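Peer 1: Here it is, the structure in full.
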Amino acid sequence: MLGQLKLNFQPKQATREILSFLDKKPRDIIERRFGLGAVPPKTLESIGRDYNITRERVRQIEEDSMRRLKKSENFSKLDDVFNELKNKIDMLGGIVQEKEFLNSIAGQSPTRHHIRFLLVLGDDFSHLKEDKEFHHRWTIDSGRAEIIHESLRRLHRELLDESLLPEKEILSRFFEYVKSAVGQSAGKNIFQFLVKISRLIDSNPLGEWGPVSSPNIRPRGMRDLAFLAMRRHGSPMHFSETAKAISEVFFRNVNTQTVHNELIKDERFVLVGRGLYALKEWGYESGIVRDVIKKILISFGPMSKEDIIKTVMKERYVKENTILINLQNGKHFKKNADGAYIALN
C-alpha cells in the first residue's frame, strides 16, 4: 500500500545499545517480552515459568527496567531515532495502525519487534489498544487521532450492508471527513493507510469496500463467493462457469454441483436459462417464463407478440418458441380487440 518506509537508523543496533545499560536478568526479560532476541515475544506467564517466579514479579521487573532505561545516559542518545519515528507517524496522519506500520517498515522480519519496543520506550508515542471499532494503533497527537476516529465512525455509519464501493469512492468520502486533520495535500496512500485503522470497514478480495458485517466484504460461504464472482463478471453465468470463477478468483476448491444447489436456494440469483443464472439486482425477475410474461403485461399493459418476445428475451435466455407456446395458454393470456396480448388474473 505505502511501499517500504525506509529508516535512517538500524533498529536492532538502537535497541542493543539502550539495553546494554541493564543487567543480564532484566535485559533478558525485556528481550523475551518484546521478541528482541532469537524467539518471538513471550507472555508474562511463560517468562515466569522459565525463571520460576510469578507473572506479577515478571511484570514488576519489566516496568522497573523500562523506567531505568528512560533515565539512563543511553536514552538521550536515541533522540534522533525517536524523532525519525515521530516524523514517519506524523507523515501518515499522526496515527498509525500498529500492524500496518510495522509491516511497512520491516515486513515480517524480526526487526518489527525492535521498532515496537522503541515505540513503547519513547515518550512521544501513545499506544491505543484494540477495541470493537479500531485495531491496535499508535499516535503522536491525541487531537488528530480523535478526528480520524470520528471520521471513520461517520464513514461506517453511512455504509449499508449491501454497500460495495470502489476504493476511489470510499477514499473520497473519507477525505471529506478527515482533511482537517491530515491536510488538503495529503496523498491517496495516506488515506489508504488510515482506513486500515478501522475494524468495521474493509475491502473484499476484489478490492471493493464496505462494512465488515456484510457478506459482500467477508464472504461466509459458497453463495457469497458466487455473488461476488458473478458481480465481477457482469453478466449471466452458467453454474459451471460460476464454479470455475470462484476457483480462479478466490482460490477455493469447489464442487460444481454444490454451487448449482446454492444458487437455487439464494434469492439474489435468478434462473434465466438452462443452468444460467443472473443477479436479481440487475433487474431480472424470478419465476417461470409464464410468470415473466404476466409481470411484463401487468407492468406495461397490452403488447404485441413481437414486443413481448423482445422484452422477455431481456429477462430470460430462452427460445422464441417457448414464449409463443406460453402465449397460447388461454388460462393466462388472450388477445384483445386490437390483437395485442393481455394477462388474465
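Order determines the names: the first chain of the C-alpha cells is A, the second B, and so forth; residues in each chain are numbered 1 upward, and ligands are numbered 1 upward as they are shown.
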Write out as a list in words which residues come within 6 Å of range 148-165 of chain A when counting only C-alpha atoms, dropping same-chain ones fewer than 6 positions away.
Peer 2: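 Listing them by chain and then by number gives Tyr177, Val178, Glu208, Trp209, Gly210 and Ser214 of chain A.
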Peer 1: Skipping near chain neighbours, those fewer than 6 positions away, what residues fall within 10 Å of Arg218 in chain A using only C-alpha atoms, listed as a list of chain:residue names?
Peer 2: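 Everything that qualifies: A:Asp202, A:Ser203, A:Asn204, A:Pro205, A:Gly210, A:Pro211, A:Val212, A:Asp224, A:Leu225.
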Peer 1: Considering only C-alpha atoms, tabulate each residue of range 152-221 of chain A that lies at most 7 Å from range 91-114 of chain A along with its nearest interatomic pair and the corresponding distance in Å to one decimal; arrange the rows by chain and ascending residue number and present them as a tab-separated table.
Peer 2:
residue	atom	partner	partner_atom	distance
A:Val182	CA	A:Gly93	CA	5.2
A:Ile190	CA	A:Leu92	CA	5.6
A:Leu194	CA	A:Val96	CA	6.7
A:Lys196	CA	A:Gln97	CA	6.6
A:Ile197	CA	A:Gln97	CA	5.0
Peer 1: Take the residues from that selection and put them in a file with C-alpha atoms, as a PDB file, in the first residue's frame.
Peer 2:
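Output contents, as saved in again.pdb:
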ATOM      1  CA  VAL A 182      -4.208  15.478   7.598  1.00  0.00           C
ATOM      2  CA  ILE A 190      -2.208   8.220   3.397  1.00  0.00           C
ATOM      3  CA  LEU A 194      -5.654   5.482   7.816  1.00  0.00           C
ATOM      4  CA  LYS A 196      -6.888   0.368   7.898  1.00  0.00           C
ATOM      5  CA  ILE A 197      -7.230   1.610  11.481  1.00  0.00           C
TER       6      ILE A 197
END
Peer 1: Find the distance between CA of Arg199 in chain A and CA of Leu5 in chain A and write it in Å to one decimal.
Peer 2: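 Computed distance, CA of Arg199 in chain A to CA of Leu5 in chain A, equals 23.4 Å.
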Peer 1: As a PyMOL selection string, please: every residue in range 12-84 of chain A that DSSP puts in helix (DSSP H, G or I).
Peer 2: chain A and resi 12-19+24-34+44-51+55-71+73-76+79-84
Peer 1: Write out, as a CSV table (one decimal), in the first residue's frame, the residues just selected, with C-alpha atoms.
Peer 2:
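Final file, part_26.csv:
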chain,number,residue,atom,x,y,z
A,12,LYS,CA,18.4,-3.7,16.2
A,13,GLN,CA,21.5,-1.6,16.9
A,14,ALA,CA,19.5,1.0,18.6
A,15,THR,CA,17.8,-1.5,21.0
A,16,ARG,CA,21.1,-3.3,21.6
A,17,GLU,CA,22.8,0.0,22.7
A,18,ILE,CA,20.0,1.0,25.1
A,19,LEU,CA,19.6,-2.5,26.6
A,24,LYS,CA,21.7,-9.7,32.5
A,25,LYS,CA,18.4,-10.8,34.0
A,26,PRO,CA,16.3,-7.7,33.4
A,27,ARG,CA,17.8,-7.4,29.9
A,28,ASP,CA,16.9,-11.0,29.1
A,29,ILE,CA,13.3,-10.5,30.4
A,30,ILE,CA,12.9,-7.4,28.2
A,31,GLU,CA,14.3,-9.2,25.2
A,32,ARG,CA,11.9,-12.1,25.8
A,33,ARG,CA,8.9,-9.9,26.3
A,34,PHE,CA,9.4,-7.9,23.1
A,44,LEU,CA,4.5,-12.9,31.4
A,45,GLU,CA,3.4,-16.4,32.4
A,46,SER,CA,5.9,-18.1,30.0
A,47,ILE,CA,8.8,-16.0,31.3
A,48,GLY,CA,7.8,-16.6,34.9
A,49,ARG,CA,7.9,-20.3,34.4
A,50,ASP,CA,11.4,-20.1,32.9
A,51,TYR,CA,12.6,-18.1,35.9
A,55,ARG,CA,3.7,-13.5,36.5
A,56,GLU,CA,3.3,-10.4,38.7
A,57,ARG,CA,7.1,-10.4,39.5
A,58,VAL,CA,7.9,-10.5,35.8
A,59,ARG,CA,5.6,-7.5,35.2
A,60,GLN,CA,7.4,-5.6,38.0
A,61,ILE,CA,10.8,-6.3,36.6
A,62,GLU,CA,9.6,-5.2,33.2
A,63,GLU,CA,8.1,-1.9,34.4
A,64,ASP,CA,11.2,-1.2,36.6
A,65,SER,CA,13.5,-1.9,33.7
A,66,MET,CA,11.7,0.4,31.3
A,67,ARG,CA,11.8,3.2,33.9
A,68,ARG,CA,15.5,2.7,34.4
A,69,LEU,CA,16.1,2.7,30.6
A,70,LYS,CA,14.3,6.1,30.3
A,71,LYS,CA,16.7,7.6,33.0
A,73,GLU,CA,22.5,8.0,29.6
A,74,ASN,CA,21.8,5.9,26.5
A,75,PHE,CA,18.2,7.1,26.4
A,76,SER,CA,19.1,10.6,25.3
A,79,ASP,CA,16.6,11.3,20.3
A,80,ASP,CA,17.3,11.0,16.5
A,81,VAL,CA,15.7,7.6,16.5
A,82,PHE,CA,12.6,8.8,18.2
A,83,ASN,CA,12.3,11.9,16.1
A,84,GLU,CA,12.5,9.9,12.9
Peer 1: Among range 51-222 of chain A, which ones does DSSP assign to strand (DSSP E) (computed from the backbone)? Answer as a list in words.
Peer 2: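 DSSP on the backbone gives strand (DSSP E) at Ile95, Val96, Gln97, Ser126, His127, Leu128, Arg137, Trp138, Thr139, Leu165, Pro166, Ile201, Asp202, Ser203, Glu208, Trp209, Gly210 and Pro211 of chain A.
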Peer 1: Kindly save the residues from that selection, with C-alpha atoms included, as a compact mmCIF listing (two decimals), in the first residue's frame.
Peer 2:
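File written: part-v4.txt
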# COMPACT_ATOMS: atom_id res chain seq x y z
CA ILE A 95 -1.87 7.91 13.96
CA VAL A 96 -0.98 4.50 12.53
CA GLN A 97 -2.39 1.01 12.73
CA SER A 126 0.86 6.69 22.84
CA HIS A 127 -0.44 3.18 22.32
CA LEU A 128 -4.20 2.80 21.88
CA ARG A 137 -2.62 1.82 16.94
CA TRP A 138 -0.01 4.41 17.85
CA THR A 139 -0.45 8.16 17.87
CA LEU A 165 -17.82 0.84 -3.14
CA PRO A 166 -14.74 1.14 -5.32
CA ILE A 201 -14.64 -1.15 7.34
CA ASP A 202 -12.60 -3.28 4.97
CA SER A 203 -12.22 -4.39 1.37
CA GLU A 208 -14.47 -3.33 -3.18
CA TRP A 209 -15.14 -1.63 0.16
CA GLY A 210 -17.95 -1.82 2.69
CA PRO A 211 -18.77 -2.76 6.30
Peer 1: My list of candidates is A:Asn52, A:Ile89, A:Phe117, A:Ile264. Which is closest to Gly35 in chain A when distances are computed with only C-alpha atoms?
Peer 2: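 Going through A:Asn52, A:Ile89, A:Phe117, A:Ile264 one by one, the smallest distance to Gly35 in chain A is for A:Phe117.
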Peer 1: Could you name the residues that touch Val312 in chain A at 7 Å or less, counting only C-alpha atoms, but leaving out those on the same chain fewer than 4 positions away, as a list of chain:residue names?
Peer 2: A:Val292, A:Ile293, A:Ile308, A:Arg316
Peer 1: Store the residues of this selection in a file with C-alpha atoms, as a compact mmCIF listing (two decimals), in the first residue's frame.
Peer 2:
# COMPACT_ATOMS: atom_id res chain seq x y z
CA VAL A 292 -42.29 -13.28 -16.53
CA ILE A 293 -44.76 -12.66 -19.37
CA ILE A 308 -43.43 -9.48 -25.74
CA ARG A 316 -34.73 -14.91 -19.95
Peer 1: Residues near range 261-263 of chain A, anyone? I mean within 12 Å using only C-alpha atoms, not counting same-chain ones fewer than 2 positions away, as a VMD selection string.
Peer 2: chain A and resid 221 to 227 230 237 to 240 242 to 243 254 to 259 265 to 272 275 to 280
Peer 1: Take the residues from that selection and put them in a file with C-alpha atoms, as a tab-separated table (two decimals), in the first residue's frame.
Peer 2:
chain	number	residue	atom	x	y	z
A	221	GLY	CA	-19.93	-19.34	2.20
A	222	MET	CA	-20.30	-20.52	-1.36
A	223	ARG	CA	-23.32	-18.32	-2.07
A	224	ASP	CA	-21.47	-15.15	-1.14
A	225	LEU	CA	-18.47	-16.15	-3.25
A	226	ALA	CA	-20.78	-16.91	-6.18
A	227	PHE	CA	-22.43	-13.49	-5.80
A	230	MET	CA	-20.93	-13.15	-10.88
A	237	MET	CA	-23.25	-17.16	-15.99
A	238	HIS	CA	-23.82	-20.88	-16.18
A	239	PHE	CA	-23.40	-22.52	-12.80
A	240	SER	CA	-20.33	-24.38	-14.09
A	242	THR	CA	-19.57	-19.66	-11.72
A	243	ALA	CA	-17.81	-22.57	-10.02
A	254	VAL	CA	-15.37	-26.04	-5.23
A	255	ASN	CA	-17.78	-28.71	-6.38
A	256	THR	CA	-19.77	-27.62	-9.43
A	257	GLN	CA	-23.00	-29.29	-8.31
A	258	THR	CA	-22.69	-27.72	-4.88
A	259	VAL	CA	-22.50	-24.30	-6.49
A	265	LYS	CA	-31.54	-21.55	-2.78
A	266	ASP	CA	-30.40	-17.91	-2.81
A	267	GLU	CA	-32.86	-15.14	-3.72
A	268	ARG	CA	-30.04	-12.96	-5.01
A	269	PHE	CA	-29.83	-15.20	-8.09
A	270	VAL	CA	-32.39	-15.66	-10.84
A	271	LEU	CA	-32.50	-18.64	-13.19
A	272	VAL	CA	-32.65	-17.11	-16.68
A	275	GLY	CA	-28.34	-23.69	-15.80
A	276	LEU	CA	-27.84	-19.98	-16.47
A	277	TYR	CA	-28.11	-17.54	-13.57
A	278	ALA	CA	-28.18	-13.75	-13.25
A	279	LEU	CA	-28.23	-11.37	-10.28
A	280	LYS	CA	-31.63	-10.09	-9.24
Peer 1: Enter the distance from CA of Ala181 in chain A to CA of Leu119 in chain A, in Å, rounded to one decimal.
Peer 2: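 Atom-to-atom, CA of Ala181 in chain A to CA of Leu119 in chain A, that is 22.0 Å.
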Peer 1: What is the CA of Leu7 in chain A to CA of Asp90 in chain A distance in Å?
Peer 2: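 Atom-to-atom, CA of Leu7 in chain A and CA of Asp90 in chain A are spaced 14.4 Å apart.
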